[in-house]
Structure formats: structure tokens, C-alpha cells
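Accompanying notes for the structure given below.
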Amino acid sequence: MYATNYHRASSVEDAVKLATANDETKYLAGGQTLLPTMKQRLAAPSDLVDLRHIASMKGISVNGGTIRIGAATPHADVANSKEVASACPGLAHLAAHIGDPHVRHMGTIGGSIANNDPAADYPAGLMALNATIVTNKRSISADDFFTGMFDTALEDGELVVAVEITAPSKCGYAKFPNPASRYAMTGVFVAKHGDGSVRVAVTGAGSDGVFRHEGMEQALASNFSAEALDSVTVDDADLMSDIHASSAYRANLVKVMARRAVAAAG
Amino acid sequence: MGMEGVGARVARKEDKRFITGKGKYTDDMVVPGMKQAHFVRSPHAHAKIKSIDTSEAEKMPGVIGILNGNQLAEDAVGNIICGWMIHSKDGSPMNMGAWRPLAQDTVRYVGDAVLIVVADTKAQARDAAEAVVIDYEELPVVTSAVEALKDGAPQLHPEAKNNQIFDWEIGDSAAVDAAIASAAHVTEMKIVNNRLVPNPMEPRAALGVYDEGEDHYTLWTTSQNPHVARLVLSAFYNVAPENKLRVIAPDVGGGFGSKIYIYPEEIVCLWASKRTGVPVKWTSDRTEAFLTDAHGRDHVSTVKMAFDSENRITGFKVDTIANLGAYMSLFSSSVPTYLYATLLSGQYNIPNIHANVRTVYTNTVPVDAYRGAGRPEATYLVERTMETAARELGISPAELRRTNFVREFPHQTPVIMCYDAGNFEASLDASMEAADYAGFEARKAEAKSRGKLRGIGMSCYIEACGIAPSAAVGSLGAGVGLWESAEVRVNAVGTIEVLTGSHSHGQGHETTFAQLVAERFGVGLDTVSIVHGDTDKVQMGMGTYGSRSGAVGMSAIVKALDKVELKAKKLAAHLMEADEGDIVIENGELKVAGTDKSVPWFQMALAAYTAHNMPEGMEPGLKEGAFYDPSNFTFPAGCYICEVEVDPETGKTEIIQFVAADDFGNIINPMIVEGQVHGGVAQGIGQALLEGTHYDADTGQLLTASYMDYTMPRADDLPSFNVSHQNTPCPGNPLGIKGCGEAGAIGSPPALINAITDAIGNNDLTMPATPQRVWAALASAQ
Ligand SMILES: Cc1cc2nc3c(=O)[nH]c(=O)nc-3n(C[C@H](O)[C@H](O)[C@H](O)COP(=O)(O)OP(=O)(O)OC[C@H]3O[C@@H](n4cnc5c(N)ncnc54)[C@H](O)[C@@H]3O)c2cc1C
């Protein structure tokens with residue numbers, strides 16, 4: 001790791017101010033991605049602005065049908081939240097299957113989506129749940145937020161403050177972990193919304209990050225059952241191929257995990 | 001057996017310091033004036049070094065020195081050696097290219113060391129390393145041994161045409177061909193044994209200290225054999241003569257073979273300490289460990305096994321291409337030859353065996369012994385072939401093995417080894433019973449009702465431990481003798497120190513060896529200390545690998561204990577005015593049998609040192625040493641059974657049960673032995689199911705250089721192991737023990753793969769059996 005300056009922000013405004021003072025500054029949330037990258041000298045921010053002590057960015061609240069998760073909330077809190085478990089069980093299940101206990105107690109939802117790793121779990125959840133990402137400046141729909149592998153709609157210095165989700169009528173997540181990293185080799189989140197629409201988002205498999213699968217969404221909108229997916233084909237053309245899994249294998253996993261996600265949604 | 005003696009499940013003495021974080025490892029060592037090193041390594045798998053510019057780097061804060069390969073050559077530091085000479089079948093010696101501790105003209109794998117940077121802090125050394133400018137001319141790369149042998153492949157060393165190091169054979173080729181020609185059935189397979197990264201918990205480290213006043217060197221290092229390190233460093237690398245060099249291997253956090261070898265970093269740190277005038281410490285990080293620790297396995301083989309009409313094996317023919325990486329590591333040549341092909345007879349009566357082995361240079365990390373070293377590769381061939389043959393012949397795998405078991409001992413195989421003892425059927429029966437083999441079909445049907453595919457597979461392994469006797473290995477090309485030494489010092493107050501040339505890096509010697517002494521003299525375990533790992537304390541030793549510390553190391557201790565006992569009894573007899581032959585040692589006392597006369601152990605010891613009242617002609621003191629050179633290898637054997645369930649939709653394998661029935665001969669501490677089996681089986685499951693090492697074929701970059709991509713077994717990948725022991729004592733050593741350190745890693749991969757291939761109905765499956773591979777194999781079987 002190269003030398004870096006550490007700042008502890010006390011509020012959202014404070015954090016943004018600190019971050020914009022210098023364009024080599026980075027926000028630090030759980031540090032589960034940023035710090036290993038710095039240790040390997042692959043990232044060299046001059047300054048770090050720690051978000052973990054900003055009270056307004058932490059915690060979960062459920063209001064009517066809306067779930068609000070502060071960006072600095074660790075995965076373990078989402079996994080263990082009774083409110084999330086009852087309003088959106090698929091999301092609690094997803095959070096409970098990120099990494100290991102250490103990672104879940106340090107890593108945050110804001111850090112996860114700002115990083116937008118193509119194999120991360122939350123992007124699939126938020127896209128299928130049609131979540132809104134609230135920043136210090138604006139609100140962004142998940143569809144617009146995730147713009148490609150390790151890429152988001154965030155502008156320089158823009159801070160994710162919270163994530164808001166309208167509770168779906170049903171949802172489920174099925175993940176096939178990469179045997180080594182245990183990130184998603186393929187993860188599929190399925191959500192049936194109050195208006196009857198269905199969203200299916202796939203992570204870990206797409207060659208440009210998280211994506212929605214229209215064919216599956218249509219099939220499930222008319223018949224929300226695992227069998228409805230039997231006739232859907234998953235094209236492997238846009239899927240990733242690497243030492244762990246070929247695109248053909250991933251295409252198979254997309255379908256299998258989708259079926260299991262629907263079954264889990266009940 | 002007492003509470004603490006031979007056969008007792010004594011908790012490990014060393015664990016207190018390990019579990020509480022109080023172990024002292026090389027990286028914990030601090031000496032006055034110590035500085036930190038960072039190695040500049042090649043980012044290319046194959047390149048010419050055109051120029052090196054360190055001028056900016058030398059001006060960086062904290063930098064003490066940046067040293068290169070030319071300076072190393074100026075000081076006449078030698079090439080890294082390979083300690084086992086193999087001749088090709090045409091009689092020519094192996095074609096060995098030079099391995100310089102710091103590359104001078106050419107780099108041959110990603111991670112090849114080029115420079116050492118010494119600075120006040122690690123970060124400064126690393127900063128300066130980044131400021132070094134090296135101009136490389138990239139050369140074409142080859143990472144696969146099969147490709148490297150082909151005409152036109154990139155050439156690594158001028159000495160090795162077509163990258164071939166040797167083309168070696170063992171056995172009678174014509175006889176095997178004849179057996180195959182007249183066989184009732186021949187089973188043919190192409191089998192890959194996947195390359196593994198050893199991954200000990202503690203990464204390698206070295207601290208070199210040159211003392212100008214004494215003209216003396218000290219090296220702290222993560223070694224399994226500090227005496228061999230000292231010998232090689234002085235005799236071959238010319239760093240310092242043996243009497244001016246002390247090598248200390250303190251607590252070492254696992255090795256699995258990878259810490260046998262003397263690596264460039266150890267040589268260079270020691271040399272750099274004199275060059276720079278400061279003590280130099282280097283500690284590998286995990287990425288460096290992936291890139292530079294000697295890897296294991298990496299064989300591609302084809303086999304043919306011939307059977308007669310009664311299903312008896314009549315011949316076994318093996319052709320193997322072994323990847324040795326960019327350079328020949330210390331024992332690299334012995335692993336795919338004498339540690340491998342000599343075990344191709346397995347547990348069976350095979351009249352004719354022939355193996356041909358070609359070893360090959362590639363632009364990859366050097367490959368050498370890794371837990372099992374050659375025997376896992378042999379066992380994998382034999383046991384995969386046996387199971388496949390049984391399926392082809394339509395008989396049960398157990399039956400085919402029973403038909404062919406060696407039942408009379410000693411048994412001379414056609415490939416050098418002479419099995420001294422064993423009862424292979426006992427382990428087969430025990431494991432089939434423990435696994436409820438008979439109930440498998442019902443379990444399979446039940447799994448099918450849940451949409452899962454069940455499979456069961458077995459593996460009957462035999463291996464050779466102790467790697468000795470010296471004369472035998474010498475005749476096969478070894479550059480060292482493979483005996484062991486021990487010294488037993490009884491102090492004046494009766495406490496006992498045992499100095500051993502074996503080295504403990506996780507095996508529990510401090511407990512097991514002490515149990516041996518406690519049993520012999522009836523003294524408490526706490527009064528016995530085991531001293532190892534320091535060339536200034538222990539006179540000479542060959543270290544620990546090849547499961548040799550029990551069979552060879554402890555046998556040396558037994559010989560020394562015999563001498564101590566003899567003298568102690570003589571002295572006690574003199575003190576009690578009794579006949580020497582009447583003295584018995586019990587519960588810490590030397591007694592005159594049949595009387596109430598006794599002298600406590602400590603009093604006898606004190607008498608030896610006060611020397612006021614000694615028998616005529618007896619020297620004062622009580623300290624004896626011994627060297628032990630065994631008469632044969634030892635032959636642990638056993639039967640492993642694995643049962644799996646495959647999810648046909650994803651190809652994911654779940655291990656339902658794993659049964660290990662081992663014959664290790666006599667056992668000193670069953671708990672430690674079971675721990676060795678658990679660890680070995682976990683590693684074998686890692687190889688078979690999880691651990692894949694991938695190089696990019698075009699660039700030679702290691703794609704699996706971290707735990708994000710290299711799958712180490714985790715607890716939840718493994719079942720609870722069902723372990724039992726059978727016992728046919730080894731006739732070749734005084735304790736009747738065979739060794740248990742590697743069996744788990746040797747016997748388990750074929751059992752697991754046999755189970756998966758049974759489940760999916762396709763015998764063609766390559767390790768590691770990742771979900772993708774199993775899914776694809778299942779698809780092609782349907
Ligand atoms: C061993 C291990 C296993 C893991 N397994 C999984 C897994 O199975 N599934 C999975 O999804 N993830 C996994 N992760 C990733 C982990 O869950 C975190 O989500 C991830 O590391 C990012 O979150 P963080 O809070 O640690 O962010 P940090 O590492 O602190 O930051 C990551 C990036 O996001 C930026 N950032 C952080 N917070 C904000 C914010 N509020 N607004 C704008 N930018 C921000 C930072 O500047 C940085 O660029 C794993 C990580 C590890 C180390």
C-alpha cells in the first residue's frame with residue numbers, strides 16, 4: 001500500500017466536501033474491495049474519506065411499502081433484519097450469502113453497488129427489485145445506475161446515500177457461487193411486483209455486468225412458475241467465458257438458477 | 001501403554017504456542033540493524049534482459065543496495081542444483097539448464113527473480129523496486145509440457161533440445177507389449193494429473209545475517225531440512241563454508257514439500273547481507289508464494305492395462321510427460337521417476353510393467369515434490385484404471401482388486417520395490433463395511449428420487465515412505481544419503497533433551513517423539529524436550545519429507561535410547577550393587593526386578609554427572625547419539641471409499657461420505673495420525689475437486705495466482721471423515737511403523753474421481769472435477 005491520508009466524515013455534506021477537495025480522493029466504506037486493491041498497489045488514492053461514521057447513511061427503515069437501506073449499512077445487517085426478511089425475503093437471503101461473516105460485517109451495500117463488480121450479488125437484487133439509488137444529488141433507477149462492468153452512473157465525487165425499494169409481492173434469489181471466490185458465478189434474482197410485472201436480473205454471467213432477461217420476464221409475467229421457464233432459451237452470446245465457466249455453462253446456470261429463484265419466491 | 005506413552009492420544013504439546021499466536025516463525029525474527037528486502041521479478045514468462053537501470057531507484061529514500069545477478073556471479077555464487085541425477089534410456093545424463101539465483105540474461109517464468117532491493121522498510125524497498133527500469137525483449141512462451149516437446153516450440157535452455165530434460169524408462173517394454181497383444185481385455189486411458197500450488201499457511205521467508213567480526217553467516221529460513229540447506233549453500237552455492245554457516249528453521253507453518261528446496265531468495269538474502277553489510281530479511285507475500293513456490297504434479301499420461309480371461313492383470317504400460325517448469329528444482333528429477341514409476345504395481349500382482357517418462361522444461365514455476373511426490377500420480381493411474389477396467393469387465397471394483405491383490409510377502413514388484421508386509425484385503429473389508437458398500441444401491445435409488453446422481457468409488461493405494469536406504473537411493477542417482485540422526489541428552493536432573501535431524505512443520509514431533517521417550521523411561525512428557533531445526537544444536541540431519549520422520553527419524557531416536565538405557569542400567573546396577581540384567585525401568589525408577597530396591601531416574605542421572613561412584617571404566621555423563629539408515633522403504637497402504645451426489649443441473653458434487661482405512665503399521669499417537677489423514681485427504685479432495693492451476697498459454701501469466709481464482713478446500717467443502725486403522729507392523733524398523741504423512745493425499749483423488757465418474761456414467765473426467773467439467777462430462781455421456 002502507498003501512503004494515503006485518512007479522513008473521517010461526520011455527515012454527507014462533509015464527506016462530499018472532503019472528496020471533492022482533491023480528485024485523487026476515494027470514499028472508503030467497508031474497505032473489502034478498496035483496501036485489498038490498495039494493498040496490492042493497484043489503487044493509490046491520495047486521500048480516503050471514511051463513510052462508516054455518518055449516522056444518516058446507516059440503518060434500515062421500512063415505511064409503508066418502502067424499504068430504505070443506508071448506503072453504509074453492512075451486509076450482515078440486511079441479512080439479519082426482520083423488516084427486510086418480511087418485506088423482501090429474497091434480499092435478506094442475498095445479503096446472507098455474500099462472502100463470509102467477516103466480509104458481511106464490513107462490506108456495505110453502497111460500496112458493493114458503487115463498485116459494481118460483474119459477479120457481485122446486490123446489483124442483481126436491486127435491478128430486479130427496481131430499486132432507486134439515492135445519492136447526494138439525485139435519485140437514479142437501478143436500470144440506469146448499473147451501466148456496465150465496474151461502471152455506474154455515478155459522477156466524480158457523487159455519493160450513494162441510500163437505496164430505496166418498494167416491497168415486491170414475491171421475490172427470490174438463487175446463486176451459484178464461483179468455487180474459488182464464492183462471488184456469483186451466476187446469480188439470478190426474480191421479483192414479482194405489485195403491478196403484476198416481473199423482473200429477472202442476472203449477475204455473474206453477463207460479459208458486461210448485471211443484466212435483465214426479457215424472455216424470462218415475459219414468461220414469468222404470464223405464469224409465475226419454474227416450469228414457465230422451460231421454454232425460454234438463454235443465449236450464451238453475451239455471456240462471460242473464463243477459466244471457471246464457459247458461456248455455455250453459464251447459460252445453463254442462468255436458467256437453472258432462475259428456476260430455483262422462482263421456486264424460492266414461492 | 002501409559003497415559004502419555006506409545007499409543008496414547010496425547011494432545012499436542014506444541015499447540016499451546018501455535019493456537020495462542022506465540023509460535024516463532026522466521027518472519028518473527030528481529031536482529032539489530034535488520035533491513036528489508038524486496039525482489040524485482042520478471043513480469044514476463046520468457047524474455048531476454050536487454051538492460052537494467054537502477055540509477056533512479058538507488059536514489060530513493062531508505063535504499064541501502066540494489067544487487068543483480070552479475071554481482072552474484074562475481075562472487076562465484078553457484079547455480080541452483082538438482083540433487084538427483086537421472087539418465088535417459090540412451091544412457092545420457094539429464095539435460096540441465098542453468099538456474100541462476102538472480103537471472104542474468106534470460107528470464108523463464110513470471111516471477112523469476114532479477115534483482116534484490118534492500119531498504120530500511122518493506123515499503124521503501126518496494127517503492128524503489130518500482131523505480132527500477134528493466135528493458136526486456138519478450139520471447140515466445142510455452143506452458144504445456146506436451147506442446148513444449150513439439151518441434152518448433154519455444155526453447156528454454158540451450159542444453160535441452162526440444163525442452164526435453166530426459167527420456168527415461170523402467171521395466172520391460174517388450175514383455176508388456178506381448179502381454180497386451182495376448183490379453184483378453186485391455187483398458188486404455190488418457191489421464192492428466194493436475195498441477196497444484198502448495199499453499200502452506202506460512203509463506204516462505206529468509207533472514208540472512210553476516211557477522212563481519214566472526215566472518216560467520218546465520219540464515220533463518222522456512223525450511224523442512226535446515227541441514228540440507230546448509231550443506232547445499234556451502235558445497236554448491238559457495239555462500240559460506242559449513243563451519244561458518246548456521247541455518248535455523250524455527251517454527252515453520254507447513255511445507256508439504258515446498259520448503260524442502262533451497263530457493264533463490266534464501267541464497268540471495270544471505271549473500272546480500274555480506275554485500276550490503278546489514279542483516280537482510282525477506283518475507284514472501286501470498287502472490288509471490290503462488291508465483292514462486294515450487295508447484296506439484298502436472299503429468300499427462302496414457303496407460304494400457306492388460307487382463308487375462310480370469311481378470312488377472314498381465315501387464316501395465318505407462319507413458320508420461322511431466323512438466324518440470326522453467327528450471328530443475330532440487331528433487332524435481334526424482335519425483336516423476338523413482339518416486340513415481342516404482343509404485344505403478346499398486347497393491348497388485350503385475351508380472352510386467354513398463355513406464356516411459358519424459359520430463360520437460362516450460363515457462364512455468366519449477367515443479368517438485370508436493371505431499372505424496374510421485375506416489376499420488378502413480379496411485380491415480382493405477383486406481384483410476386482399475387475402477388474403469390472393472391466397469392468395462394462388468395465385475396465389481398472390489399472383486400477385481402481382490403483377484404489381483406498381493407497376498408504373499410515379501411513381494412518383489414517388476415519396478416524395484418519389494419513390499420515387506422501388508423494385508424490389503426483387511427483395509428478393503430474394513431472400508432467397505434464402514435461405508436456400508438452393500439447398501440449403496442438403495443441409497444442411489446433414494447437419491448434418484450430427489451433428482452440427484454449418486455456414485456461410489458474406491459482406491460486401494462500403496463506408497464513408499466522413509467525414502468531410504470541411503471545406498472539404494474545413491475545407486476538410483478540421489479546426491480544425498482537418506483538416513484537420520486538423533487542424540488539423547490539426559491541432564492543431571494534427569495530431564496531429557498532429544499536432538500533430532502527431523503524437522504517439524506506441523507507434524508507434531510514435539511509430542512510424538514516425547515511419547516517415545518516417556519514410554520521408554522517412564523518419565524513425564526513434560527520432562528522431555530525435542531530440539532530440532534538448528535544446525536548449531538543438531539549435528540546433522542536430513543529433515544522431514546516423504547513421511548520419513550517416524551520410520552527413519554524415530555528409529556534413530558530408538559537407537560540412541562537403546563544406548564542410554566544400557567548405560568543407565570549399568571550405572572543403576574552399580575549403585576544398587578545388583579546385576580545389570582536384573583534392572584528394569586518402570587515409572588521413573590530403575591528397579592532390581594523381584595526386590596524392593598530402586599533408584600529414581602533423576603538420581604541415576606545425577607550420579608552420572610557427579611561421577612563420584614561410577615562403574616570401573618565408565619565415562620561420566622549420560623548422552624548418546626545414533627545414526628539410523630533403514631534397510632528398505634516402508635509401505636503404508638489402505639483403502640479409501642468415497643460416495644458422492646452430483647446435481648445434474650449444475651454439475652456440482654457433494655461428498656456424502658469419505659472412508660479411510662489405513663495400515664500404517666504401529667501407531668504412536670492415534671490422534672496425530674488421524675489428523676495427518678484428515679489433512680491429507682482434505683488436500684487430495686482439493687486436488688480432485690477444487691484446485692486448478694491455469695497459465696495463459698500465450699503469455700505464460702499465472703491466471704490462478706490468488707484465492708479469488710485458485711480454489712483451496714474450505715471446511716464446508718469436506719465431509720466428516722470416517723477413519724480406521726489396520727495394522728501389519730513394518731518389519732524393517734524397530735518401531736514397526738510405516739509413516740502416515742502423505743497417504744491421505746495419495747489415496748483420495750482416485751476414490752473421489754471414481755465416485756463422480758460412477759455417478760455420471762462417464763469415465764473421462766479431468767481433475768479438478770469442477771461443476772463445469774462434471775456438467776460437460778455428464779452432457780457428453782448422455
Ligand atoms: C473475501 C471476499 C468475498 C466477497 N464475496 C462477495 C460475494 O460473494 N458477493 C458480493 O457481492 N460481494 C462480495 N465481496 C465484496 C463485498 O461484499 C463488498 O460489497 C465490496 O467489497 C464493496 O463494499 P465495501 O463497503 O467494502 O466498499 P469499499 O471497498 O470500501 O469501496 C468500494 C468502492 O466503492 C466506493 N464507495 C464505497 N461506498 C460508496 C458510496 N456510498 N458512494 C459512492 N462510492 C462508494 C469506494 O470509493 C470504492 O471505490 C467479497 C469481498 C471479499 C473481500
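Chain lettering (A, B, ...) mirrors the order of the C-alpha cells, residue numbering begins at 1 for each chain separately, and ligand numbering begins at 1 in order of display.
Here is the contact set of chain A against chain B, at 7 Å and counting only C-alpha atoms: Pro179, Ala180, Ser181, Ala245, Tyr249, Leu253 and Val256 of chain A.
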Inset, instruction - With a distance cut-off of 9 Å and only C-alpha atoms, select the neighbouring residues of segment 567-576 of chain B, excluding the residue or stretch itself and same-chain residues fewer than 4 positions from it, and output the selection as a count of residues only. - result: 24
Inset, instruction - Find the residue from B:Ser88, B:Gln36, B:Gln155, B:Ser301 that sits nearest to Val63 of chain B; use only C-alpha atoms when measuring. - result: B:Gln36
Inset, instruction - Provide the atom CA of Tyr173 of chain A to atom 52 (C, counted along the ligand's line) of ligand 1 distance in Å, to one decimal place. - result: 19.7 Å
Legend entry - Environment of ligand 1 within 7 Å, counting only C-alpha atoms and all ligand atoms, reported as an NGL selection string: :A and (26-35 or 71-72 or 97-100 or 103-104 or 106-112 or 114-115 or 119-122 or 158-161 or 181-184)
Export of the given selection (N, CA and C atoms) as a CSV table (one decimal), in the first residue's frame:
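Contents of again.csv, freshly written:
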chain,number,residue,atom,x,y,z
A,26,LYS,N,-10.8,9.0,-2.6
A,26,LYS,CA,-11.9,7.9,-2.7
A,26,LYS,C,-12.6,7.8,-1.4
A,27,TYR,N,-13.9,7.5,-1.6
A,27,TYR,CA,-14.7,7.1,-0.4
A,27,TYR,C,-14.3,5.7,0.1
A,28,LEU,N,-14.3,5.6,1.4
A,28,LEU,CA,-14.0,4.3,2.0
A,28,LEU,C,-15.2,3.8,2.7
A,29,ALA,N,-15.8,2.7,2.4
A,29,ALA,CA,-16.9,2.2,3.1
A,29,ALA,C,-16.4,1.0,3.9
A,30,GLY,N,-16.8,-0.2,3.6
A,30,GLY,CA,-16.3,-1.4,4.3
A,30,GLY,C,-14.8,-1.7,4.0
A,31,GLY,N,-14.3,-1.2,2.9
A,31,GLY,CA,-12.9,-1.4,2.6
A,31,GLY,C,-12.7,-2.8,2.0
A,32,GLN,N,-13.7,-3.6,1.8
A,32,GLN,CA,-13.5,-5.0,1.4
A,32,GLN,C,-13.0,-5.2,0.0
A,33,THR,N,-13.2,-4.2,-0.8
A,33,THR,CA,-12.6,-4.2,-2.1
A,33,THR,C,-11.5,-3.2,-2.3
A,34,LEU,N,-11.8,-2.0,-1.7
A,34,LEU,CA,-10.8,-1.0,-1.9
A,34,LEU,C,-9.4,-1.3,-1.2
A,35,LEU,N,-9.5,-1.8,0.0
A,35,LEU,CA,-8.2,-2.0,0.7
A,35,LEU,C,-7.4,-3.1,0.1
A,71,ALA,N,-26.6,3.6,2.7
A,71,ALA,CA,-25.5,3.1,1.9
A,71,ALA,C,-24.4,2.4,2.7
A,72,ALA,N,-24.2,2.9,3.9
A,72,ALA,CA,-23.1,2.4,4.7
A,72,ALA,C,-23.5,1.2,5.6
A,97,HIS,N,-25.7,-14.4,1.8
A,97,HIS,CA,-24.8,-15.3,1.0
A,97,HIS,C,-23.7,-14.5,0.3
A,98,ILE,N,-23.5,-13.3,0.8
A,98,ILE,CA,-22.3,-12.6,0.3
A,98,ILE,C,-21.1,-13.0,1.1
A,99,GLY,N,-20.0,-13.4,0.4
A,99,GLY,CA,-18.7,-13.6,1.1
A,99,GLY,C,-18.9,-14.5,2.4
A,100,ASP,N,-18.1,-14.1,3.4
A,100,ASP,CA,-18.0,-14.8,4.6
A,100,ASP,C,-18.4,-13.9,5.8
A,103,VAL,N,-16.6,-10.5,5.8
A,103,VAL,CA,-17.0,-9.6,4.7
A,103,VAL,C,-18.4,-9.0,5.0
A,104,ARG,N,-19.3,-9.9,5.5
A,104,ARG,CA,-20.6,-9.4,5.7
A,104,ARG,C,-20.7,-8.3,6.8
A,106,MET,N,-18.3,-6.2,7.4
A,106,MET,CA,-17.6,-5.0,7.0
A,106,MET,C,-18.1,-4.4,5.7
A,107,GLY,N,-18.4,-5.2,4.7
A,107,GLY,CA,-18.8,-4.7,3.4
A,107,GLY,C,-20.2,-4.1,3.5
A,108,THR,N,-20.4,-3.1,2.6
A,108,THR,CA,-21.6,-2.3,2.7
A,108,THR,C,-22.4,-2.4,1.3
A,109,ILE,N,-23.7,-2.1,1.4
A,109,ILE,CA,-24.5,-2.1,0.1
A,109,ILE,C,-24.0,-1.0,-0.8
A,110,GLY,N,-23.7,0.2,-0.2
A,110,GLY,CA,-23.3,1.3,-1.1
A,110,GLY,C,-22.0,1.0,-1.8
A,111,GLY,N,-21.0,0.4,-1.0
A,111,GLY,CA,-19.7,0.0,-1.6
A,111,GLY,C,-19.9,-1.0,-2.7
A,112,SER,N,-20.8,-1.9,-2.4
A,112,SER,CA,-21.0,-3.0,-3.4
A,112,SER,C,-21.5,-2.5,-4.7
A,114,ALA,N,-21.6,0.7,-5.8
A,114,ALA,CA,-20.7,1.7,-6.4
A,114,ALA,C,-19.6,1.0,-7.2
A,115,ASN,N,-19.1,-0.1,-6.6
A,115,ASN,CA,-18.1,-0.9,-7.3
A,115,ASN,C,-18.6,-1.6,-8.5
A,119,ALA,N,-19.6,-9.8,-10.7
A,119,ALA,CA,-20.0,-11.0,-10.1
A,119,ALA,C,-20.6,-10.7,-8.7
A,120,ALA,N,-20.9,-9.4,-8.4
A,120,ALA,CA,-21.5,-9.1,-7.1
A,120,ALA,C,-22.9,-9.4,-7.1
A,121,ASP,N,-23.5,-9.6,-5.9
A,121,ASP,CA,-24.9,-10.1,-5.7
A,121,ASP,C,-25.9,-8.9,-5.8
A,122,TYR,N,-25.6,-7.9,-5.0
A,122,TYR,CA,-26.6,-6.8,-4.9
A,122,TYR,C,-27.0,-6.2,-6.2
A,158,GLU,N,-19.7,11.9,-6.5
A,158,GLU,CA,-21.1,11.6,-6.2
A,158,GLU,C,-21.2,10.5,-5.2
A,159,LEU,N,-22.0,10.7,-4.2
A,159,LEU,CA,-22.0,9.7,-3.0
A,159,LEU,C,-23.4,9.0,-3.0
A,160,VAL,N,-23.3,7.7,-2.9
A,160,VAL,CA,-24.5,6.9,-2.7
A,160,VAL,C,-24.9,7.1,-1.2
A,161,VAL,N,-26.1,7.5,-1.0
A,161,VAL,CA,-26.5,7.8,0.4
A,161,VAL,C,-27.4,6.7,0.9
A,181,SER,N,-13.8,-17.9,-5.4
A,181,SER,CA,-14.0,-16.6,-4.8
A,181,SER,C,-15.3,-16.6,-4.0
A,182,ARG,N,-16.2,-17.5,-4.4
A,182,ARG,CA,-17.6,-17.5,-3.8
A,182,ARG,C,-18.4,-16.3,-4.1
A,183,TYR,N,-17.9,-15.5,-5.0
A,183,TYR,CA,-18.8,-14.5,-5.7
A,183,TYR,C,-19.8,-15.3,-6.6
A,184,ALA,N,-20.7,-14.6,-7.2
A,184,ALA,CA,-21.7,-15.3,-8.0
A,184,ALA,C,-21.0,-15.7,-9.3
Legend entry - Per-residue DSSP, segment 485-657 of chain B, filtered to helix (DSSP H, G or I), as a VMD selection string: chain B and resid 509 to 521 525 to 527 548 to 575 580 to 582 601 to 610
Inset, instruction - Provide the atom CA of Val146 of chain B to atom CA of Asp298 of chain B distance in Å, to one decimal place. - result: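 So the answer is 10.8 Å.
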Legend entry - Residue contacts of Ser547 of chain B (7 Å, only C-alpha atoms) excluding same-chain residues fewer than 4 positions away, as a PyMOL selection string: chain B and resi 465-466+739-742
Could you write those residues out with all heavy atoms, as a tab-separated table (two decimals), in the first residue's frame?
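This is the output file again.tsv:
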chain	number	residue	atom	x	y	z
B	465	CYS	N	7.43	-44.98	1.90
B	465	CYS	CA	7.83	-43.88	2.77
B	465	CYS	C	9.25	-44.08	3.27
B	465	CYS	O	9.84	-45.13	3.14
B	465	CYS	CB	6.90	-43.78	3.97
B	465	CYS	SG	5.29	-43.14	3.55
B	466	GLY	N	9.69	-43.03	3.91
B	466	GLY	CA	11.00	-43.09	4.54
B	466	GLY	C	12.11	-42.64	3.61
B	466	GLY	O	13.17	-42.24	4.03
B	739	GLY	N	4.65	-44.75	8.54
B	739	GLY	CA	4.53	-43.37	8.10
B	739	GLY	C	3.13	-43.07	7.60
B	739	GLY	O	2.49	-43.93	6.99
B	740	CYS	N	2.65	-41.86	7.88
B	740	CYS	CA	1.25	-41.55	7.59
B	740	CYS	C	1.05	-40.16	7.01
B	740	CYS	O	-0.07	-39.73	6.83
B	740	CYS	CB	0.44	-41.66	8.88
B	740	CYS	SG	0.94	-40.41	10.10
B	741	GLY	N	2.14	-39.46	6.74
B	741	GLY	CA	2.00	-38.04	6.41
B	741	GLY	C	1.41	-37.75	5.05
B	741	GLY	O	0.86	-36.68	4.83
B	742	GLU	N	1.53	-38.67	4.13
B	742	GLU	CA	1.11	-38.37	2.76
B	742	GLU	C	-0.03	-39.25	2.26
B	742	GLU	O	-0.64	-38.95	1.24
B	742	GLU	CB	2.32	-38.49	1.83
B	742	GLU	CG	3.38	-37.46	2.15
B	742	GLU	CD	4.76	-37.90	1.66
B	742	GLU	OE1	5.31	-38.87	2.20
B	742	GLU	OE2	5.25	-37.27	0.73
Legend entry - Minimum-distance residue to Lys537 of chain B, chosen among B:Thr500, B:Ser720, B:Ser555, B:Gln657 (using only C-alpha atoms): B:Thr500
Inset, instruction - Would you kindly return, as a ChimeraX atom specification, each protein, DNA or RNA residue with an atom no farther than 9 Å from any atom of Met149 of chain A, considering only C-alpha atoms and excluding same-chain residues fewer than 3 positions away? - result: /A:116-118,146,152,206-210
Legend entry - Residue nearest Asp28 of chain B among B:Ile165, B:Val406, B:Ile395, B:Val252 (counting only C-alpha atoms):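 Using only C-alpha atoms, the shortest distance to Asp28 of chain B belongs to B:Val252.
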Legend entry - Selected residue of minimal separation from Phe664 of chain B among B:Ile52, B:Gly736, B:Pro731, B:Gly686, counting only C-alpha atoms: B:Gly736
Legend entry - Residues near Trp99 of chain B, cut-off 9 Å, only C-alpha atoms, skip fewer than 5 positions along chain, as JSON, numbers by chain: {"B": [79, 80, 81, 326, 327, 328, 329]}
Inset, instruction - Tell me, as JSON, numbers by chain, which residues lie within 12 Å of Val280 of chain B, counting only C-alpha atoms; anything in the same chain fewer than 3 positions away does not count. - result: {"B": [27, 29, 30, 31, 32, 33, 34, 35, 36, 37, 38, 39, 64, 65, 116, 117, 118, 119, 120, 121, 122, 125, 205, 206, 207, 208, 209, 210, 217, 218, 219, 220, 221, 265, 266, 267, 268, 269, 270, 271, 272, 273, 274, 275, 276, 277, 283]}
Legend entry - Those in segment 208-342 of chain B with strand (DSSP E) from DSSP, as a ChimeraX atom specification: /B:208-211,216-221,245-248,280-283,299-307,313-325
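The coordinates place atom CA of Pro734 of chain B at 16.8 Å from atom CA of Gly422 of chain B.
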